[in-house]
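What follows is my_file20.txt (compact mmCIF, C-alpha atoms and all ligand atoms).
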```
# COMPACT_ATOMS: atom_id res chain seq x y z
CA MET A 1476 0.00 0.00 0.00
CA LYS A 1477 1.38 3.43 -0.96
CA VAL A 1478 0.33 6.55 0.95
CA ASP A 1479 1.51 10.10 1.42
CA TYR A 1480 1.42 9.91 5.22
CA ILE A 1481 1.40 7.52 8.18
CA ILE A 1482 -0.06 9.14 11.30
CA VAL A 1483 0.60 7.57 14.69
CA GLY A 1484 -1.98 8.70 17.26
CA CYS A 1485 -5.60 9.58 16.74
CA GLY A 1486 -6.22 12.07 19.55
CA LEU A 1487 -6.88 15.78 19.01
CA ALA A 1488 -3.45 16.29 17.39
CA GLY A 1489 -3.70 13.37 14.97
CA ILE A 1490 -7.25 14.27 14.00
CA ALA A 1491 -6.37 17.92 13.28
CA PHE A 1492 -3.57 16.74 11.01
CA CYS A 1493 -5.83 14.22 9.23
CA GLU A 1494 -8.28 17.05 8.50
CA LEU A 1495 -5.54 18.98 6.70
CA LEU A 1496 -4.52 15.92 4.74
CA LYS A 1497 -8.11 15.43 3.62
CA LYS A 1498 -8.40 19.08 2.65
CA ASN A 1499 -5.21 18.82 0.58
CA LYS A 1500 -6.21 15.50 -0.98
CA LYS A 1501 -3.32 13.54 0.51
CA THR A 1502 -3.59 9.82 1.20
CA PHE A 1503 -2.90 8.51 4.69
CA VAL A 1504 -3.31 5.74 7.24
CA VAL A 1505 -3.66 6.14 11.01
CA PHE A 1506 -2.52 3.92 13.89
CA ASP A 1507 -3.93 4.10 17.40
CA ASN A 1508 -3.81 1.55 20.22
CA ASN A 1509 -5.93 3.45 22.77
CA SER A 1510 -3.01 3.58 25.19
CA GLN A 1511 -3.45 7.29 25.94
CA LEU A 1512 -6.78 8.75 26.96
CA SER A 1513 -6.24 12.49 27.22
CA SER A 1514 -8.44 13.44 24.26
CA SER A 1515 -11.02 10.76 25.09
CA VAL A 1516 -11.67 12.13 28.57
CA ALA A 1517 -11.02 15.88 28.12
CA GLY A 1518 -13.61 18.39 29.26
CA GLY A 1519 -13.24 19.92 25.81
CA LEU A 1520 -13.48 23.58 26.86
CA TYR A 1521 -12.18 26.31 24.62
CA ASN A 1522 -11.60 29.62 26.26
CA PRO A 1523 -9.30 32.37 24.98
CA VAL A 1524 -8.46 33.71 28.45
CA VAL A 1525 -6.23 32.37 31.24
CA LEU A 1526 -8.64 32.84 34.12
CA LYS A 1527 -6.06 32.58 36.87
CA ARG A 1528 -4.09 35.54 35.62
CA PHE A 1529 -6.60 37.36 33.38
CA THR A 1530 -4.27 37.22 30.38
CA PRO A 1531 -5.00 36.08 26.82
CA VAL A 1532 -4.07 32.52 25.89
CA TRP A 1533 -1.05 32.39 23.54
CA LYS A 1534 -2.24 33.02 19.94
CA SER A 1535 -5.83 32.58 21.07
CA LYS A 1536 -7.34 34.60 18.23
CA GLU A 1537 -5.37 32.72 15.57
CA GLN A 1538 -6.16 29.39 17.23
CA LEU A 1539 -9.90 29.99 17.43
CA GLU A 1540 -10.02 31.18 13.83
CA LEU A 1541 -8.74 27.80 12.69
CA ALA A 1542 -10.27 25.55 15.32
CA LEU A 1543 -13.94 26.47 15.13
CA PRO A 1544 -14.30 26.00 11.34
CA MET A 1545 -12.41 22.71 11.60
CA TYR A 1546 -14.79 21.28 14.23
CA LEU A 1547 -17.73 22.58 12.21
CA ASN A 1548 -16.46 20.70 9.15
CA ILE A 1549 -16.10 17.51 11.14
CA GLU A 1550 -19.62 17.94 12.51
CA LYS A 1551 -20.96 18.17 8.98
CA GLU A 1552 -18.93 15.31 7.59
CA LEU A 1553 -19.58 12.92 10.46
CA ASN A 1554 -23.09 14.15 11.18
CA VAL A 1555 -22.49 14.59 14.93
CA LYS A 1556 -22.92 17.54 17.29
CA LEU A 1557 -19.54 18.51 18.74
CA ASP A 1558 -19.42 22.27 19.35
CA TYR A 1559 -21.57 23.64 22.19
CA LYS A 1560 -21.36 27.42 22.46
CA ILE A 1561 -21.56 28.09 26.15
CA PRO A 1562 -20.33 31.02 28.26
CA VAL A 1563 -17.79 30.61 31.04
CA TYR A 1564 -18.59 32.41 34.30
CA ARG A 1565 -15.63 33.12 36.53
CA ARG A 1566 -16.75 33.19 40.17
CA PHE A 1567 -15.33 36.06 42.25
CA THR A 1568 -14.36 35.56 45.86
CA SER A 1569 -13.79 39.22 46.78
CA ILE A 1570 -14.31 42.85 45.73
CA GLU A 1571 -10.62 42.94 44.86
CA GLU A 1572 -11.14 40.17 42.29
CA GLN A 1573 -14.04 42.09 40.78
CA ASN A 1574 -11.80 45.15 40.44
CA ASN A 1575 -9.04 43.10 38.82
CA TRP A 1576 -11.60 41.82 36.34
CA PHE A 1577 -12.71 45.38 35.45
CA THR A 1578 -9.11 46.41 34.88
CA ALA A 1579 -8.44 43.32 32.74
CA SER A 1580 -11.60 43.81 30.66
CA ASP A 1581 -10.18 47.15 29.51
CA LYS A 1582 -6.83 45.71 28.40
CA VAL A 1583 -5.90 45.46 24.75
CA GLY A 1584 -6.25 41.83 23.69
CA LEU A 1585 -8.86 41.03 26.36
CA SER A 1586 -11.60 43.60 25.89
CA GLY A 1587 -13.52 41.48 23.35
CA TRP A 1588 -13.45 38.47 25.63
CA LEU A 1589 -14.19 39.72 29.13
CA SER A 1590 -17.62 41.23 29.64
CA ALA A 1591 -17.35 44.35 31.79
CA ASN A 1592 -20.69 43.67 33.53
CA ILE A 1593 -20.59 41.73 36.78
CA LYS A 1594 -23.26 39.02 36.79
CA LYS A 1595 -25.18 38.58 40.01
CA ASN A 1596 -25.87 35.10 41.27
CA ASP A 1597 -29.56 34.28 41.64
CA ASN A 1598 -29.15 30.51 41.78
CA PRO A 1599 -29.77 29.14 45.32
CA SER A 1600 -27.71 26.04 44.53
CA ILE A 1601 -24.55 28.12 44.12
CA ASP A 1602 -22.55 30.06 46.63
CA ALA A 1603 -21.31 33.18 44.82
CA GLU A 1604 -21.71 36.27 46.97
CA PHE A 1605 -19.49 38.42 44.75
CA GLY A 1606 -21.02 37.27 41.49
CA PHE A 1607 -19.31 36.30 38.25
CA GLY A 1608 -17.43 37.72 35.28
CA GLU A 1609 -18.47 36.37 31.90
CA VAL A 1610 -15.93 35.25 29.31
CA LEU A 1611 -17.18 35.60 25.74
CA GLU A 1612 -16.58 33.35 22.71
CA THR A 1613 -16.13 30.22 24.77
CA GLY A 1614 -17.55 26.75 24.31
CA ARG A 1615 -17.12 23.03 24.65
CA ILE A 1616 -16.13 20.47 22.06
CA ASP A 1617 -17.47 17.04 22.91
CA SER A 1618 -14.00 15.57 22.76
CA PRO A 1619 -14.90 11.96 23.77
CA LEU A 1620 -17.53 11.85 21.01
CA LEU A 1621 -15.12 13.43 18.52
CA ILE A 1622 -12.49 10.75 19.13
CA GLU A 1623 -14.99 7.90 19.00
CA SER A 1624 -16.76 9.07 15.86
CA TYR A 1625 -13.60 10.12 14.02
CA GLN A 1626 -11.97 6.74 14.58
CA LYS A 1627 -15.14 5.02 13.44
CA TYR A 1628 -15.16 7.18 10.31
CA LEU A 1629 -11.53 6.32 9.52
CA LYS A 1630 -12.28 2.63 10.07
CA GLU A 1631 -15.11 2.81 7.58
CA LYS A 1632 -12.70 4.40 5.08
CA LYS A 1633 -10.34 1.48 5.81
CA VAL A 1634 -7.47 3.76 6.78
CA PHE A 1635 -7.45 3.09 10.52
CA PHE A 1636 -5.38 0.43 12.29
CA SER A 1637 -6.50 -0.20 15.82
CA GLU A 1638 -3.11 -1.47 16.97
CA GLU A 1639 0.16 -0.49 18.58
CA PHE A 1640 2.68 1.11 16.25
CA ASN A 1641 5.93 -0.81 16.60
CA TYR A 1642 8.83 1.60 16.12
CA ASN A 1643 11.36 -1.21 15.56
CA GLU A 1644 9.65 -2.25 12.36
CA LEU A 1645 10.24 1.05 10.59
CA VAL A 1646 12.56 0.85 7.59
CA PHE A 1647 14.00 3.92 5.88
CA ASP A 1648 14.39 3.93 2.13
CA ASP A 1649 15.81 6.77 0.03
CA ASN A 1650 12.76 8.97 -0.03
CA SER A 1651 10.19 6.88 1.77
CA ILE A 1652 9.36 5.11 4.97
CA ILE A 1653 8.33 1.49 5.01
CA TYR A 1654 6.22 0.03 7.80
CA LYS A 1655 5.03 -3.54 7.31
CA ASN A 1656 3.26 -3.45 3.92
CA ILE A 1657 2.89 0.34 3.89
CA ASN A 1658 5.14 2.61 1.88
CA ALA A 1659 4.76 6.26 2.92
CA LYS A 1660 6.36 9.51 1.90
CA ASN A 1661 6.14 10.90 5.44
CA ILE A 1662 5.35 9.86 8.98
CA VAL A 1663 3.87 12.10 11.69
CA PHE A 1664 3.99 11.05 15.35
CA ALA A 1665 1.14 12.45 17.46
CA GLU A 1666 1.13 10.04 20.41
CA GLY A 1667 0.59 12.47 23.29
CA PHE A 1668 2.31 11.11 26.39
CA GLY A 1669 2.92 7.87 24.41
CA ILE A 1670 5.92 9.73 22.91
CA LYS A 1671 7.91 8.42 25.87
CA LYS A 1672 8.13 5.05 24.08
CA ASN A 1673 9.13 6.62 20.75
CA PRO A 1674 12.90 6.15 20.27
CA PHE A 1675 13.07 8.98 17.70
CA PHE A 1676 11.52 11.72 19.81
CA ASN A 1677 11.60 10.59 23.45
CA TYR A 1678 14.46 12.99 24.14
CA LEU A 1679 11.99 15.88 23.99
CA PRO A 1680 11.09 17.34 27.40
CA LEU A 1681 7.47 16.24 27.55
CA LYS A 1682 6.09 16.13 31.08
CA GLU A 1683 3.08 14.20 32.26
CA ALA A 1684 0.26 16.17 33.87
CA LYS A 1685 -2.30 13.58 34.83
CA GLY A 1686 -5.82 14.92 35.11
CA GLU A 1687 -8.97 13.42 36.57
CA LEU A 1688 -12.60 14.47 36.27
CA VAL A 1689 -15.72 13.31 38.06
CA ILE A 1690 -19.16 13.36 36.51
CA ILE A 1691 -22.07 14.23 38.78
CA THR A 1692 -25.82 14.50 38.44
CA ALA A 1693 -27.39 17.42 40.33
CA LYS A 1694 -31.04 17.93 39.52
CA ASP A 1695 -31.36 21.23 41.43
CA LEU A 1696 -28.29 22.88 39.97
CA LYS A 1697 -29.79 24.02 36.67
CA ILE A 1698 -26.93 26.05 35.22
CA ASP A 1699 -26.51 26.67 31.51
CA TYR A 1700 -23.01 28.12 31.72
CA VAL A 1701 -19.60 26.74 32.65
CA LEU A 1702 -18.82 27.75 36.20
CA LYS A 1703 -15.16 28.40 36.98
CA SER A 1704 -14.25 28.57 40.65
CA SER A 1705 -11.60 26.40 42.31
CA VAL A 1706 -12.98 23.72 39.96
CA PHE A 1707 -14.75 23.81 36.62
CA LEU A 1708 -18.40 22.75 36.49
CA ILE A 1709 -19.38 21.97 32.91
CA PRO A 1710 -23.02 21.19 32.07
CA LEU A 1711 -23.54 18.18 29.80
CA GLY A 1712 -27.36 18.23 29.72
CA ASP A 1713 -29.83 15.97 31.55
CA ASP A 1714 -28.63 17.38 34.92
CA LYS A 1715 -25.17 15.93 34.35
CA TYR A 1716 -22.02 17.96 34.99
CA ILE A 1717 -18.29 17.47 34.66
CA VAL A 1718 -16.30 18.53 37.72
CA GLY A 1719 -12.63 19.00 37.04
CA ALA A 1720 -9.83 18.83 36.92
CA THR A 1721 -6.88 17.66 39.00
CA TYR A 1722 -3.18 18.01 38.21
CA ASN A 1723 -0.74 15.29 39.20
CA TRP A 1724 2.85 15.59 38.01
CA LYS A 1725 4.03 12.16 39.17
CA ASP A 1726 1.45 9.49 38.38
CA LYS A 1727 1.91 8.17 34.84
CA THR A 1728 -1.11 5.87 34.78
CA ASN A 1729 -4.61 6.31 33.42
CA ASN A 1730 -6.12 4.87 36.62
CA ILE A 1731 -8.75 6.83 38.50
CA THR A 1732 -7.94 7.52 42.18
CA GLN A 1733 -9.87 8.10 45.39
CA GLU A 1734 -7.47 10.94 46.20
CA ALA A 1735 -8.45 12.90 43.07
CA LYS A 1736 -12.14 12.30 43.69
CA GLU A 1737 -11.86 13.66 47.23
CA GLU A 1738 -9.88 16.67 46.07
CA LEU A 1739 -12.52 17.59 43.48
CA LEU A 1740 -15.48 17.01 45.78
CA ASN A 1741 -13.87 19.04 48.58
CA LYS A 1742 -13.42 21.94 46.19
CA LEU A 1743 -16.96 21.49 44.93
CA LYS A 1744 -18.26 21.91 48.49
CA THR A 1745 -17.04 25.51 48.51
CA VAL A 1746 -19.35 26.47 45.67
CA LEU A 1747 -22.22 23.99 45.46
CA LYS A 1748 -25.15 24.13 47.89
CA CYS A 1749 -27.37 21.39 46.45
CA ASN A 1750 -27.29 17.61 46.57
CA TYR A 1751 -25.58 15.60 43.88
CA ASP A 1752 -24.51 12.04 43.03
CA VAL A 1753 -21.19 11.01 41.54
CA VAL A 1754 -21.87 8.82 38.51
CA ASP A 1755 -18.46 8.47 36.87
CA GLN A 1756 -14.78 9.32 37.08
CA VAL A 1757 -12.17 9.41 34.30
CA ALA A 1758 -8.43 10.05 33.99
CA GLY A 1759 -5.87 10.82 31.31
CA ILE A 1760 -2.42 12.30 30.90
CA ARG A 1761 -2.00 15.76 29.40
CA PRO A 1762 1.16 16.06 27.31
CA THR A 1763 2.72 19.25 28.68
CA VAL A 1764 6.03 20.99 28.03
CA ILE A 1765 8.23 22.99 30.41
CA ASP A 1766 7.98 26.20 28.36
CA ARG A 1767 4.21 25.71 27.76
CA ARG A 1768 4.63 25.60 24.00
CA PRO A 1769 3.90 22.64 21.74
CA LEU A 1770 6.48 20.33 20.19
CA VAL A 1771 6.42 20.52 16.41
CA GLY A 1772 9.11 19.71 13.89
CA VAL A 1773 11.21 17.33 11.90
CA HIS A 1774 13.61 14.65 13.12
CA ASN A 1775 17.26 15.70 12.96
CA LYS A 1776 18.32 12.63 10.90
CA HIS A 1777 15.20 11.46 9.11
CA SER A 1778 13.90 14.30 6.96
CA ASN A 1779 10.47 12.76 6.39
CA MET A 1780 9.71 12.04 10.06
CA TYR A 1781 7.78 14.61 12.11
CA VAL A 1782 6.35 15.20 15.55
CA LEU A 1783 3.12 16.97 16.59
CA ASN A 1784 2.81 16.99 20.36
CA GLY A 1785 2.87 19.02 23.59
CA LEU A 1786 -0.73 20.22 23.38
CA GLY A 1787 -0.77 20.65 27.15
CA THR A 1788 -3.96 21.71 28.86
CA ARG A 1789 -5.61 23.29 25.82
CA GLY A 1790 -5.58 20.70 23.09
CA VAL A 1791 -8.95 21.69 21.61
CA MET A 1792 -7.78 25.14 20.56
CA ILE A 1793 -4.14 24.49 19.85
CA ALA A 1794 -4.32 21.26 17.80
CA PRO A 1795 -5.69 22.78 14.55
CA TYR A 1796 -3.23 25.69 14.78
CA ILE A 1797 -0.09 23.61 15.14
CA ALA A 1798 -1.33 20.98 12.67
CA GLU A 1799 -1.54 23.74 10.07
CA GLN A 1800 1.92 24.98 10.96
CA LEU A 1801 3.33 21.48 10.51
CA TYR A 1802 1.48 20.87 7.27
CA ASN A 1803 2.71 24.15 5.78
CA PHE A 1804 6.23 23.33 6.91
CA ILE A 1805 6.18 19.93 5.21
CA ASP A 1806 4.27 20.66 2.06
CA ASN A 1807 4.81 24.37 1.46
CA SER A 1808 8.31 24.73 2.98
CA LYS A 1809 7.08 27.48 5.32
CA PRO A 1810 9.34 27.81 8.38
CA LEU A 1811 7.87 26.85 11.74
CA GLU A 1812 7.40 29.51 14.38
CA SER A 1813 10.53 29.31 16.54
CA GLU A 1814 8.42 29.11 19.73
CA ILE A 1815 6.96 25.73 18.74
CA ASP A 1816 9.88 24.30 16.74
CA ILE A 1817 11.56 21.37 18.50
CA THR A 1818 14.96 22.70 17.46
CA ARG A 1819 14.68 24.95 20.53
CA PHE A 1820 15.62 21.83 22.52
CA ASN A 1821 18.63 20.83 20.39
C1 LIG B 1 -8.79 15.43 32.68
C2 LIG B 1 -8.43 16.26 31.48
C3 LIG B 1 -9.20 17.36 31.14
C4 LIG B 1 -8.87 18.13 30.03
N1 LIG B 1 -9.69 19.17 29.70
C5 LIG B 1 -9.40 19.91 28.59
C6 LIG B 1 -10.28 20.94 28.18
O1 LIG B 1 -11.31 21.21 28.81
N2 LIG B 1 -9.94 21.64 27.06
C7 LIG B 1 -8.81 21.37 26.34
O2 LIG B 1 -8.57 22.04 25.32
N3 LIG B 1 -7.97 20.39 26.71
C8 LIG B 1 -8.23 19.65 27.82
N4 LIG B 1 -7.39 18.66 28.21
C9 LIG B 1 -6.10 18.52 27.49
C10 LIG B 1 -6.28 17.76 26.19
O3 LIG B 1 -6.99 16.61 26.48
C11 LIG B 1 -4.92 17.44 25.57
O4 LIG B 1 -4.24 18.63 25.26
C12 LIG B 1 -5.08 16.64 24.26
O5 LIG B 1 -6.00 15.63 24.44
C13 LIG B 1 -3.78 16.03 23.79
O6 LIG B 1 -4.06 15.42 22.55
P1 LIG B 1 -3.00 14.53 21.79
O7 LIG B 1 -3.65 14.08 20.53
O8 LIG B 1 -1.70 15.24 21.69
O9 LIG B 1 -2.71 13.31 22.77
P2 LIG B 1 -3.64 12.07 23.18
O10 LIG B 1 -5.03 12.48 23.38
O11 LIG B 1 -2.94 11.41 24.31
O12 LIG B 1 -3.61 11.15 21.89
C14 LIG B 1 -2.50 10.39 21.54
C15 LIG B 1 -3.00 9.13 20.85
O13 LIG B 1 -1.86 8.36 20.43
C16 LIG B 1 -2.11 6.98 20.66
N5 LIG B 1 -0.81 6.30 20.77
C17 LIG B 1 0.22 6.61 21.60
N6 LIG B 1 1.26 5.76 21.38
C18 LIG B 1 0.89 4.91 20.38
C19 LIG B 1 1.50 3.82 19.71
N7 LIG B 1 2.78 3.42 19.97
N8 LIG B 1 0.80 3.16 18.76
C20 LIG B 1 -0.47 3.53 18.43
N9 LIG B 1 -1.10 4.57 19.04
C21 LIG B 1 -0.44 5.26 20.01
C22 LIG B 1 -2.90 7.00 21.98
O14 LIG B 1 -3.66 5.83 22.12
C23 LIG B 1 -3.78 8.24 21.82
O15 LIG B 1 -5.03 7.96 21.26
C24 LIG B 1 -7.72 17.83 29.28
C25 LIG B 1 -6.95 16.71 29.61
C26 LIG B 1 -7.30 15.93 30.69
C27 LIG B 1 -6.49 14.71 31.02
```

Could you render the structure as structure tokens?
Amino acid sequence: MKVDYIIVGCGLAGIAFCELLKKNKKTFVVFDNNSQLSSSVAGGLYNPVVLKRFTPVWKSKEQLELALPMYLNIEKELNVKLDYKIPVYRRFTSIEEQNNWFTASDKVGLSGWLSANIKKNDNPSIDAEFGFGEVLETGRIDSPLLIESYQKYLKEKKVFFSEEFNYNELVFDDNSIIYKNINAKNIVFAEGFGIKKNPFFNYLPLKEAKGELVIITAKDLKIDYVLKSSVFLIPLGDDKYIVGATYNWKDKTNNITQEAKEELLNKLKTVLKCNYDVVDQVAGIRPTVIDRRPLVGVHNKHSNMYVLNGLGTRGVMIAPYIAEQLYNFIDNSKPLESEIDITRFN
């Protein structure tokens, strides 16, 4: 079988790259062994503002401009609902925080995203004496559904291999890469934290940031916005909500833990005043990088081998942006932005 590309990893990064290959009429096959779960469990929020510091997310405007049309295209092609436009309300804990919000909402780069009006809380199930600030142009991509339906779609097209990619079986020819019976012009690795097993790119400083979420049902909560306090509360419909997320910099497993559940529920207590039931818990490892920038580029010996990784905590927004950068680098010889280029770690 001859193809233009082999893609290893079908999470948010791999999918964003596949979309560009489709758009540019390139042939490809995809491998995924379900060993990493970050994209399959993610809350899926997109939000152009860092709510801890009231600063814009890096390249947020450029990222959203690419991401939203891409998810819309996938929705149409796969006939699934993925993008839920929903505001994010940042809960204030003091007058000082309200004032900081007002100041930030006036700043260049933030004024279109932070509403200057303070929202009062009239929901008896929520403790929010100082009200909320509303972030505009936010939403949620149903990331678990995206992964499931995209992989199903690729399977139907007979270009998806639900198996482990075995790095030792790669053979390099003059201008191509041979893997089993596949002859490809290029290979792109997008394995998330799975990169640690990749002998070609495991030198890159990718750090695990395990995250866990619990899913609750709370029939009296009735909120139609994402509530950001010490935890996120994300409505899923039918009185179901995601509560998240934890950060663990040591645990490299996808196992759910009692410790994370307790941490989330203790934080939830500070904001929620109604009853709820925990109905599920999930975990995955975010692929993060020390300098908080993604890992994109070409291998230093094999000129047709590439990496697309380091999506960190904001994979939904960043994946389409860096996928486009990589595609333009490979096919249109456009240089990569130095901030994301892996040569910064040479
Ligand atoms: C709890 C939690 C909540 C999150 N919430 C949000 C959020 O609200 N918004 C947001 O934008 N981001 C969120 N994130 C971050 C986001 O999930 C990540 O940035 C993103 O999923 C990373 O995507 P990826 O494709 O790089 O990696 P992954 O999702 O890890 O995908 C890599 C894929 O490669 C496959 N793979 C690896 N090695 C091999 C191999 N050898 N052979 C075959 N296949 C292989 C894996 O099975 C996997 O499917 C969250 C993450 C977590 C854990």

For chain A versus ligand LIG 1 (chain B), which residues have an atom no more than 7 Å away, and what is each residue's nearest atom pair and distance in Å rounded to one decimal, using all atoms listed in the file, chain-then-number order, as CSV?
```
residue,atom,partner,partner_atom,distance
A:Val1483,CA,B:LIG1,N9,5.6
A:Gly1484,CA,B:LIG1,O13,3.2
A:Cys1485,CA,B:LIG1,O15,4.8
A:Gly1486,CA,B:LIG1,O7,3.4
A:Leu1487,CA,B:LIG1,O7,4.0
A:Ala1488,CA,B:LIG1,O7,3.8
A:Gly1489,CA,B:LIG1,O7,5.6
A:Phe1506,CA,B:LIG1,C20,5.0
A:Asp1507,CA,B:LIG1,N9,3.3
A:Asn1508,CA,B:LIG1,N9,4.2
A:Asn1509,CA,B:LIG1,O14,3.4
A:Ser1510,CA,B:LIG1,O14,3.9
A:Gln1511,CA,B:LIG1,C22,4.0
A:Leu1512,CA,B:LIG1,O11,5.4
A:Ser1513,CA,B:LIG1,O10,4.0
A:Ser1514,CA,B:LIG1,O5,3.3
A:Ser1515,CA,B:LIG1,O10,6.5
A:Val1516,CA,B:LIG1,C2,6.0
A:Ala1517,CA,B:LIG1,C4,3.7
A:Gly1518,CA,B:LIG1,O1,3.7
A:Gly1519,CA,B:LIG1,O1,3.8
A:Leu1520,CA,B:LIG1,O1,3.8
A:Tyr1521,CA,B:LIG1,O2,5.6
A:Glu1638,CA,B:LIG1,C20,5.8
A:Glu1639,CA,B:LIG1,N8,3.7
A:Phe1640,CA,B:LIG1,N8,3.7
A:Asn1641,CA,B:LIG1,N7,6.3
A:Ala1665,CA,B:LIG1,O8,5.8
A:Glu1666,CA,B:LIG1,O13,3.4
A:Gly1667,CA,B:LIG1,O9,3.4
A:Phe1668,CA,B:LIG1,O11,5.7
A:Gly1669,CA,B:LIG1,N6,4.0
A:Ile1670,CA,B:LIG1,N6,6.3
A:Lys1672,CA,B:LIG1,N7,6.9
A:Lys1685,CA,B:LIG1,C27,5.8
A:Gly1686,CA,B:LIG1,C1,3.9
A:Glu1687,CA,B:LIG1,C1,4.4
A:Leu1688,CA,B:LIG1,C1,5.3
A:Gly1719,CA,B:LIG1,C1,6.8
A:Ala1720,CA,B:LIG1,C1,5.5
A:Thr1721,CA,B:LIG1,C1,7.0
A:Ala1758,CA,B:LIG1,C1,5.5
A:Gly1759,CA,B:LIG1,C27,3.9
A:Ile1760,CA,B:LIG1,C27,4.7
A:Arg1761,CA,B:LIG1,C27,4.9
A:Pro1762,CA,B:LIG1,C13,6.1
A:Asn1784,CA,B:LIG1,O8,5.0
A:Gly1785,CA,B:LIG1,O8,6.2
A:Leu1786,CA,B:LIG1,O4,4.3
A:Gly1787,CA,B:LIG1,O4,4.4
A:Thr1788,CA,B:LIG1,C9,4.1
A:Arg1789,CA,B:LIG1,O2,3.3
A:Gly1790,CA,B:LIG1,O4,3.3
A:Val1791,CA,B:LIG1,O2,3.7
A:Met1792,CA,B:LIG1,O2,5.7
```

Residue with smallest distance to Tyr1642 of chain A - pool A:Gly1614, A:Pro1619, A:Pro1769, A:Pro1674, counting all atoms listed in the file
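The shortest atom-to-atom distance to Tyr1642 of chain A comes from A:Pro1674.
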
Choose the residue, out of A:Tyr1796, A:Arg1528, A:Arg1565, A:Asp1617, that has the smallest atom-to-atom separation from Ser1705 of chain A; count all atoms listed in the file.
A:Arg1565

Which value, in Å to one decimal, gives the distance between atom CA of Gly1584 of chain A and atom CA of Thr1530 of chain A?
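Between these atoms lies a distance of 8.4 Å.
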
Counting all atoms listed in the file, the option among A:Leu1629, A:Ile1616, A:Ala1684, A:Val1524 closest to Ser1590 of chain A:
A:Val1524

For Val1773 of chain A, which of A:Ile1662, A:Leu1711, A:Val1563, A:Val1754 is the closest residue, counting all atoms listed in the file?
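Smallest separation from Val1773 of chain A among the options: A:Ile1662.
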